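See below for coords12.cif, which holds mmCIF, C-alpha atoms.
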data_protein
#
loop_
_atom_site.label_atom_id
_atom_site.label_comp_id
_atom_site.auth_asym_id
_atom_site.auth_seq_id
_atom_site.Cartn_x
_atom_site.Cartn_y
_atom_site.Cartn_z
CA MET Y 1 -4.30 -0.59 17.98
CA ARG Y 2 -0.91 -2.21 17.28
CA THR Y 3 -1.13 -1.02 13.65
CA PHE Y 4 -1.74 2.55 14.83
CA PHE Y 5 1.18 2.29 17.26
CA PHE Y 6 3.57 1.10 14.51
CA LEU Y 7 2.25 3.76 12.10
CA CYS Y 8 3.17 6.39 14.71
CA LEU Y 9 6.62 4.81 15.05
CA VAL Y 10 7.17 4.92 11.26
CA VAL Y 11 6.10 8.57 10.97
CA PHE Y 12 7.66 10.04 14.13
CA CYS Y 13 10.90 8.00 14.19
CA GLY Y 14 11.40 8.60 10.45
CA THR Y 15 10.83 12.34 10.77
CA GLY Y 16 12.90 12.58 13.97
CA GLY Y 17 15.78 10.69 12.33
CA GLU Y 18 15.84 12.88 9.22
CA ILE Y 19 15.59 16.07 11.28
CA SER Y 20 18.50 14.90 13.41
CA ILE Y 21 20.61 14.17 10.30
CA THR Y 22 19.67 17.56 8.78
CA HIS Y 23 20.74 19.30 12.02
CA THR Y 24 24.06 17.42 11.90
CA MET Y 25 24.75 18.34 8.28
CA LYS Y 26 23.88 22.01 8.88
CA ARG Y 27 26.41 21.98 11.72
CA VAL Y 28 29.26 20.34 9.78
CA GLY Y 29 28.75 22.78 6.93
CA GLU Y 30 27.89 22.78 3.25
CA VAL Y 31 29.39 20.16 0.93
CA LYS Y 32 31.28 22.26 -1.64
CA SER Y 33 32.95 19.49 -3.65
CA PHE Y 34 32.56 15.80 -4.37
CA ALA Y 35 36.34 15.28 -4.35
CA PRO Y 36 37.02 12.46 -1.85
CA ARG Y 37 39.64 14.57 0.01
CA THR Y 38 36.92 17.18 0.72
CA LEU Y 39 33.87 14.96 1.10
CA LEU Y 40 35.31 12.16 3.25
CA PRO Y 41 36.64 14.38 6.11
CA LEU Y 42 33.26 16.18 6.18
CA LEU Y 43 31.35 12.89 6.42
CA TRP Y 44 33.83 11.68 9.05
CA ARG Y 45 33.09 14.82 11.10
CA ALA Y 46 29.35 14.22 10.69
CA PHE Y 47 29.57 10.59 11.84
CA ARG Y 48 31.51 11.66 14.93
CA MET Y 49 28.55 13.73 16.13
CA PRO Y 50 26.02 12.06 18.47
CA SER Y 51 23.10 13.69 16.60
CA MET Y 52 24.06 11.74 13.44
CA TRP Y 53 23.91 8.44 15.33
CA LEU Y 54 20.63 9.47 16.98
CA GLY Y 55 19.28 10.07 13.46
CA VAL Y 56 20.55 6.71 12.16
CA THR Y 57 19.04 4.88 15.17
CA LEU Y 58 15.65 6.58 14.73
CA LEU Y 59 15.65 5.79 11.00
CA ALA Y 60 16.44 2.15 11.76
CA CYS Y 61 13.48 2.06 14.22
CA SER Y 62 11.25 3.60 11.54
CA PHE Y 63 12.45 1.11 8.89
CA TYR Y 64 11.87 -1.97 11.06
CA SER Y 65 8.45 -0.65 12.09
CA LEU Y 66 7.64 -0.23 8.39
CA LEU Y 67 8.71 -3.83 7.69
CA THR Y 68 6.54 -5.02 10.60
CA LEU Y 69 3.54 -3.07 9.26
CA LEU Y 70 4.09 -4.50 5.78
CA SER Y 71 4.05 -8.02 7.19
CA TRP Y 72 0.55 -7.37 8.63
CA ASN Y 73 -1.04 -5.09 6.02
CA PRO Y 74 -0.96 -4.63 2.23
CA VAL Y 75 1.32 -1.92 0.83
CA SER Y 76 -1.79 -0.16 -0.58
CA PHE Y 77 -2.78 0.52 3.04
CA VAL Y 78 0.65 1.18 4.57
CA ILE Y 79 2.00 3.81 2.13
CA PRO Y 80 -1.15 6.03 2.14
CA ALA Y 81 -1.32 5.71 5.93
CA THR Y 82 2.28 6.93 6.30
CA ALA Y 83 1.85 9.77 3.76
CA SER Y 84 1.12 12.12 6.68
CA SER Y 85 4.87 12.03 7.36
CA TYR Y 86 5.29 14.84 4.76
CA ALA Y 87 3.14 17.17 6.87
CA VAL Y 88 4.74 16.03 10.16
CA SER Y 89 8.19 16.63 8.62
CA ALA Y 90 7.25 20.17 7.58
CA ILE Y 91 6.01 20.92 11.14
CA GLY Y 92 9.24 19.44 12.57
CA ALA Y 93 11.38 21.43 10.12
CA LYS Y 94 9.59 24.65 11.12
CA TYR Y 95 9.75 24.24 14.90
CA LEU Y 96 12.93 22.18 15.37
CA LEU Y 97 15.13 23.37 12.51
CA GLY Y 98 13.77 26.91 12.23
CA GLU Y 99 12.99 26.65 8.51
CA ARG Y 100 10.65 29.30 7.14
CA ILE Y 101 7.79 27.58 5.37
CA SER Y 102 5.81 29.86 3.08
CA ALA Y 103 2.13 29.39 2.24
CA ILE Y 104 3.16 28.06 -1.20
CA ARG Y 105 5.40 25.42 0.37
CA TRP Y 106 2.63 24.38 2.80
CA ALA Y 107 0.23 24.03 -0.11
CA GLY Y 108 2.79 21.93 -1.99
CA VAL Y 109 3.39 19.69 1.03
CA PHE Y 110 -0.34 19.01 1.48
CA LEU Y 111 -0.79 18.29 -2.24
CA VAL Y 112 2.11 15.80 -2.07
CA CYS Y 113 0.59 14.14 1.05
CA PHE Y 114 -2.77 13.81 -0.65
CA GLY Y 115 -1.23 12.69 -3.94
CA VAL Y 116 0.91 9.94 -2.35
CA ALA Y 117 -2.09 8.63 -0.39
CA LEU Y 118 -4.29 8.69 -3.51
CA ALA Y 119 -1.67 7.12 -5.81
CA TRP Y 120 -1.18 4.15 -3.50
CA ALA Y 121 -4.77 3.74 -2.36
CA GLY Y 122 -5.80 3.70 -6.02
CA GLY Y 123 -3.33 0.93 -6.90
CA MET S 1 32.97 23.05 -8.15
CA LEU S 2 29.55 22.90 -6.47
CA SER S 3 29.76 26.48 -5.20
CA LYS S 4 29.61 27.78 -8.81
CA ILE S 5 26.24 26.13 -9.50
CA SER S 6 23.03 27.86 -8.38
CA LEU S 7 21.43 26.57 -5.19
CA ARG S 8 18.22 25.56 -6.94
CA ALA S 9 19.99 23.76 -9.82
CA LYS S 10 22.31 21.73 -7.59
CA THR S 11 19.48 20.86 -5.18
CA LEU S 12 17.22 19.62 -7.98
CA ALA S 13 20.14 17.71 -9.58
CA MET S 14 20.82 15.95 -6.25
CA VAL S 15 17.12 15.13 -5.81
CA ALA S 16 17.13 13.63 -9.35
CA ILE S 17 20.13 11.46 -8.37
CA MET S 18 18.38 10.48 -5.10
CA VAL S 19 15.17 9.45 -6.86
CA SER S 20 16.98 7.53 -9.64
CA CYS S 21 19.19 5.65 -7.17
CA SER S 22 16.26 4.88 -4.85
CA CYS S 23 14.00 3.56 -7.67
CA THR S 24 16.83 1.50 -9.24
CA GLY S 25 17.88 0.14 -5.84
CA ASP S 26 14.32 -0.87 -4.92
CA ILE S 27 13.78 -2.65 -8.26
CA LEU S 28 17.12 -4.51 -8.01
CA LEU S 29 16.43 -5.48 -4.39
CA SER S 30 12.99 -6.75 -5.30
CA LYS S 31 14.37 -8.78 -8.27
CA GLY S 32 17.26 -10.10 -6.14
CA MET S 33 14.95 -11.21 -3.32
CA LYS S 34 12.62 -12.88 -5.85
CA GLN S 35 15.66 -14.90 -7.05
CA VAL S 36 16.50 -15.84 -3.45
CA GLY S 37 12.94 -16.96 -2.76
CA GLU S 38 10.78 -16.75 0.35
CA VAL S 39 12.65 -16.18 3.61
CA SER S 40 12.15 -19.16 5.93
CA PHE S 41 12.20 -18.73 9.71
CA ASN S 42 11.48 -22.42 10.39
CA SER S 43 14.96 -23.28 11.61
CA PHE S 44 18.32 -21.62 12.16
CA GLY S 45 19.79 -23.72 9.34
CA ALA S 46 17.15 -22.54 6.85
CA LEU S 47 17.64 -18.92 7.91
CA ALA S 48 21.44 -19.19 7.62
CA SER S 49 21.09 -20.76 4.16
CA THR S 50 18.79 -17.91 3.03
CA PHE S 51 21.26 -15.36 4.42
CA LEU S 52 24.12 -16.95 2.45
CA GLN S 53 21.97 -16.88 -0.70
CA ILE S 54 21.24 -13.19 -0.12
CA ILE S 55 24.89 -12.20 0.33
CA GLY S 56 25.85 -14.30 -2.68
CA ASN S 57 23.33 -12.56 -4.95
CA GLY S 58 24.82 -9.99 -7.34
CA ARG S 59 21.56 -8.03 -7.73
CA VAL S 60 21.28 -7.59 -3.95
CA TRP S 61 24.81 -6.13 -3.85
CA LEU S 62 24.05 -3.83 -6.78
CA ALA S 63 20.88 -2.75 -4.93
CA ILE S 64 22.93 -2.03 -1.80
CA LEU S 65 25.30 0.10 -3.93
CA PHE S 66 22.42 2.16 -5.39
CA LEU S 67 20.67 2.53 -2.01
CA SER S 68 23.98 3.65 -0.44
CA LEU S 69 24.36 6.26 -3.18
CA TYR S 70 20.79 7.39 -2.42
CA THR S 71 21.64 7.79 1.28
CA LEU S 72 24.88 9.63 0.51
CA SER S 73 23.18 12.06 -1.88
CA TYR S 74 20.38 12.66 0.68
CA ILE S 75 22.95 13.46 3.40
CA VAL S 76 24.89 15.74 1.03
CA VAL S 77 21.86 17.73 -0.18
CA LEU S 78 20.69 18.29 3.41
CA SER S 79 23.99 20.08 4.07
CA TRP S 80 22.77 23.06 2.04
CA ALA S 81 19.01 22.73 1.38
CA ASP S 82 15.94 22.79 3.65
CA TYR S 83 14.62 19.45 4.84
CA SER S 84 11.07 20.72 4.21
CA TYR S 85 12.11 21.35 0.56
CA VAL S 86 14.04 18.16 -0.23
CA GLN S 87 11.77 15.58 1.42
CA PRO S 88 8.48 16.40 -0.38
CA VAL S 89 10.23 17.12 -3.72
CA ALA S 90 11.77 13.63 -3.56
CA ALA S 91 8.19 12.25 -3.49
CA ILE S 92 8.24 12.77 -7.28
CA GLY S 93 9.54 9.17 -7.29
CA TYR S 94 6.01 8.02 -6.37
CA ALA S 95 4.76 9.74 -9.54
CA ILE S 96 7.57 8.49 -11.80
CA VAL S 97 7.09 4.79 -10.95
CA PRO S 98 3.48 4.50 -12.24
CA LEU S 99 4.39 6.73 -15.20
CA LEU S 100 7.30 4.44 -16.17
CA GLY S 101 5.13 1.39 -15.52
CA TYR S 102 2.57 2.74 -18.00
CA LEU S 103 5.00 4.04 -20.66
CA VAL S 104 7.73 1.36 -20.55
CA LEU S 105 6.03 -1.78 -19.27
CA GLY S 106 2.55 -1.06 -20.64
CA GLU S 107 0.96 -1.59 -17.20
CA SER S 108 -2.58 -0.39 -16.63
CA VAL S 109 -2.92 2.51 -14.19
CA THR S 110 -6.21 3.32 -12.46
CA MET S 111 -7.83 6.77 -12.67
CA LEU S 112 -7.34 7.19 -8.92
CA ARG S 113 -3.60 6.59 -9.28
CA TRP S 114 -3.39 9.08 -12.19
CA ALA S 115 -5.14 11.62 -9.94
CA GLY S 116 -2.54 10.91 -7.23
CA VAL S 117 0.30 11.38 -9.74
CA ALA S 118 -1.21 14.72 -10.81
CA PHE S 119 -1.48 15.95 -7.19
CA ILE S 120 2.15 14.92 -6.47
CA CYS S 121 3.42 16.70 -9.61
CA LEU S 122 1.44 19.86 -8.76
CA GLY S 123 2.70 19.78 -5.15
CA VAL S 124 6.32 19.31 -6.24
CA LEU S 125 5.95 22.12 -8.79
CA LEU S 126 4.70 24.49 -6.06
CA ILE S 127 7.52 23.55 -3.66
CA THR S 128 10.21 24.03 -6.32
CA ARG S 129 8.98 27.63 -6.70
CA THR S 130 10.06 28.38 -3.10
CA GLN S 131 13.60 29.11 -1.87
CA PRO S 132 15.56 25.84 -1.40
CA ARG S 133 17.19 27.28 1.72
CA THR S 134 15.65 29.51 4.39
CA THR S 135 18.13 29.04 7.27
CA GLU S 136 21.65 30.25 8.01
CA PRO S 137 24.57 27.82 8.62
CA LEU S 138 24.75 26.72 12.27
CA PRO S 139 27.79 27.75 14.34
#

Take the structure in this file and express it as structure tokens.
Amino acid sequence: MRTFFFLCLVVFCGTGGEISITHTMKRVGEVKSFAPRTLLPLLWRAFRMPSMWLGVTLLACSFYSLLTLLSWNPVSFVIPATASSYAVSAIGAKYLLGERISAIRWAGVFLVCFGVALAWAGG
Amino acid sequence: MLSKISLRAKTLAMVAIMVSCSCTGDILLSKGMKQVGEVSFNSFGALASTFLQIIGNGRVWLAILFLSLYTLSYIVVLSWADYSYVQPVAAIGYAIVPLLGYLVLGESVTMLRWAGVAFICLGVLLITRTQPRTTEPLP
């Protein structure tokens, strides 16, 4: 039961954190140059937005939950078990970020999910 | 500079940087922590000593540099590309690691893992055939 709870934390906090960071970056605008005088003010703007810090906090929760899971279970169980995060992320991107996910992209996402689970389970 | 490069090319280039930095960072962190030895939680003194060993380890700092570059490139690419495009495409790292293990280090790879690598590559190939961006900039 505790393993399932921490698996949910890894998947949902990780996805929520990345969605929050994506939302922030879409709001601050596209990075058009790597010149420090362009990039640094843009990153400064991003880190002044609450959604960026929400994302960082959620990712930290996901990371520490992952470390906890790894201290209880072998990596060959943990990584396949968290592979569903690719599908959860695509659902989150569709409904929370408004991304249009074509049938080809869905197929690709499910192949990646299955492949990651298989590659690690078969270690 | 970046605006002159096609959306697909610059997205895939950033994903390549992300995957390289993440794999290099993970390997360096693993090697650095092996040098430090097992983390002991027996006493505060032992924990403090381990912490000092970690922050005094060059490989750990190099790993932090590579993992910071990974985070920065991830944040940057999300400013123009779809999350549902970048995240699964970056899973190609899971396919590259066993491939490098087999080709460079001569490690044995099970049939099941090869099948997983094939599914990941096919999935990534399909996703890269879609538009990297399907949303408009937010106000």

Checklist entry - Which residues match the PyMOL selection byres ((chain Y and resi 12-29) around 6) in the file above, as a PyMOL selection string? => result (chain Y and resi 8-11+30+51-52+55+58-59+62+89) or (chain S and resi 78-79+137-138)

When you get a sec, could you note down which chain Y residues fall within 10 Å of chain S, using all atoms listed in the file, as a PDB file with C-alpha atoms, in the frame of the given file?
ATOM      1  CA  THR Y  15      10.830  12.340  10.770  1.00  0.00           C
ATOM      2  CA  GLU Y  18      15.840  12.880   9.220  1.00  0.00           C
ATOM      3  CA  ILE Y  19      15.590  16.070  11.280  1.00  0.00           C
ATOM      4  CA  ILE Y  21      20.610  14.170  10.300  1.00  0.00           C
ATOM      5  CA  THR Y  22      19.670  17.560   8.780  1.00  0.00           C
ATOM      6  CA  HIS Y  23      20.740  19.300  12.020  1.00  0.00           C
ATOM      7  CA  THR Y  24      24.060  17.420  11.900  1.00  0.00           C
ATOM      8  CA  MET Y  25      24.750  18.340   8.280  1.00  0.00           C
ATOM      9  CA  LYS Y  26      23.880  22.010   8.880  1.00  0.00           C
ATOM     10  CA  ARG Y  27      26.410  21.980  11.720  1.00  0.00           C
ATOM     11  CA  VAL Y  28      29.260  20.340   9.780  1.00  0.00           C
ATOM     12  CA  GLY Y  29      28.750  22.780   6.930  1.00  0.00           C
ATOM     13  CA  GLU Y  30      27.890  22.780   3.250  1.00  0.00           C
ATOM     14  CA  VAL Y  31      29.390  20.160   0.930  1.00  0.00           C
ATOM     15  CA  LYS Y  32      31.280  22.260  -1.640  1.00  0.00           C
ATOM     16  CA  SER Y  33      32.950  19.490  -3.650  1.00  0.00           C
ATOM     17  CA  PHE Y  34      32.560  15.800  -4.370  1.00  0.00           C
ATOM     18  CA  ALA Y  35      36.340  15.280  -4.350  1.00  0.00           C
ATOM     19  CA  LEU Y  39      33.870  14.960   1.100  1.00  0.00           C
ATOM     20  CA  LEU Y  42      33.260  16.180   6.180  1.00  0.00           C
ATOM     21  CA  LEU Y  43      31.350  12.890   6.420  1.00  0.00           C
ATOM     22  CA  ALA Y  46      29.350  14.220  10.690  1.00  0.00           C
ATOM     23  CA  ALA Y  83       1.850   9.770   3.760  1.00  0.00           C
ATOM     24  CA  SER Y  85       4.870  12.030   7.360  1.00  0.00           C
ATOM     25  CA  TYR Y  86       5.290  14.840   4.760  1.00  0.00           C
ATOM     26  CA  ALA Y  87       3.140  17.170   6.870  1.00  0.00           C
ATOM     27  CA  VAL Y  88       4.740  16.030  10.160  1.00  0.00           C
ATOM     28  CA  SER Y  89       8.190  16.630   8.620  1.00  0.00           C
ATOM     29  CA  ALA Y  90       7.250  20.170   7.580  1.00  0.00           C
ATOM     30  CA  ILE Y  91       6.010  20.920  11.140  1.00  0.00           C
ATOM     31  CA  GLY Y  92       9.240  19.440  12.570  1.00  0.00           C
ATOM     32  CA  ALA Y  93      11.380  21.430  10.120  1.00  0.00           C
ATOM     33  CA  LYS Y  94       9.590  24.650  11.120  1.00  0.00           C
ATOM     34  CA  LEU Y  97      15.130  23.370  12.510  1.00  0.00           C
ATOM     35  CA  GLY Y  98      13.770  26.910  12.230  1.00  0.00           C
ATOM     36  CA  GLU Y  99      12.990  26.650   8.510  1.00  0.00           C
ATOM     37  CA  ARG Y 100      10.650  29.300   7.140  1.00  0.00           C
ATOM     38  CA  ILE Y 101       7.790  27.580   5.370  1.00  0.00           C
ATOM     39  CA  SER Y 102       5.810  29.860   3.080  1.00  0.00           C
ATOM     40  CA  ALA Y 103       2.130  29.390   2.240  1.00  0.00           C
ATOM     41  CA  ILE Y 104       3.160  28.060  -1.200  1.00  0.00           C
ATOM     42  CA  ARG Y 105       5.400  25.420   0.370  1.00  0.00           C
ATOM     43  CA  TRP Y 106       2.630  24.380   2.800  1.00  0.00           C
ATOM     44  CA  ALA Y 107       0.230  24.030  -0.110  1.00  0.00           C
ATOM     45  CA  GLY Y 108       2.790  21.930  -1.990  1.00  0.00           C
ATOM     46  CA  VAL Y 109       3.390  19.690   1.030  1.00  0.00           C
ATOM     47  CA  PHE Y 110      -0.340  19.010   1.480  1.00  0.00           C
ATOM     48  CA  LEU Y 111      -0.790  18.290  -2.240  1.00  0.00           C
ATOM     49  CA  VAL Y 112       2.110  15.800  -2.070  1.00  0.00           C
ATOM     50  CA  CYS Y 113       0.590  14.140   1.050  1.00  0.00           C
ATOM     51  CA  PHE Y 114      -2.770  13.810  -0.650  1.00  0.00           C
ATOM     52  CA  GLY Y 115      -1.230  12.690  -3.940  1.00  0.00           C
ATOM     53  CA  VAL Y 116       0.910   9.940  -2.350  1.00  0.00           C
ATOM     54  CA  ALA Y 117      -2.090   8.630  -0.390  1.00  0.00           C
ATOM     55  CA  LEU Y 118      -4.290   8.690  -3.510  1.00  0.00           C
ATOM     56  CA  ALA Y 119      -1.670   7.120  -5.810  1.00  0.00           C
ATOM     57  CA  TRP Y 120      -1.180   4.150  -3.500  1.00  0.00           C
ATOM     58  CA  ALA Y 121      -4.770   3.740  -2.360  1.00  0.00           C
ATOM     59  CA  GLY Y 122      -5.800   3.700  -6.020  1.00  0.00           C
ATOM     60  CA  GLY Y 123      -3.330   0.930  -6.900  1.00  0.00           C
TER      61      GLY Y 123
END

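Between CA of Arg59 in chain S and CA of Ile79 in chain Y the interatomic distance comes to 24.9 Å.
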
Item to check | Result set, the PyMOL selection byres ((chain S and resi 21) around 9) on current file, as number ranges by chain | outcome: S: 16-20, 22-26, 63, 65-70

Quick one: axis-aligned box around all listed atoms of range 62-68 of chain Y, 3 Å on every side, centre and edge lengths in Å to one decimal, written as AutoDock Vina command-line options.
--center_x 9.5 --center_y -0.7 --center_z 9.9 --size_x 11.9 --size_y 14.6 --size_z 10.4
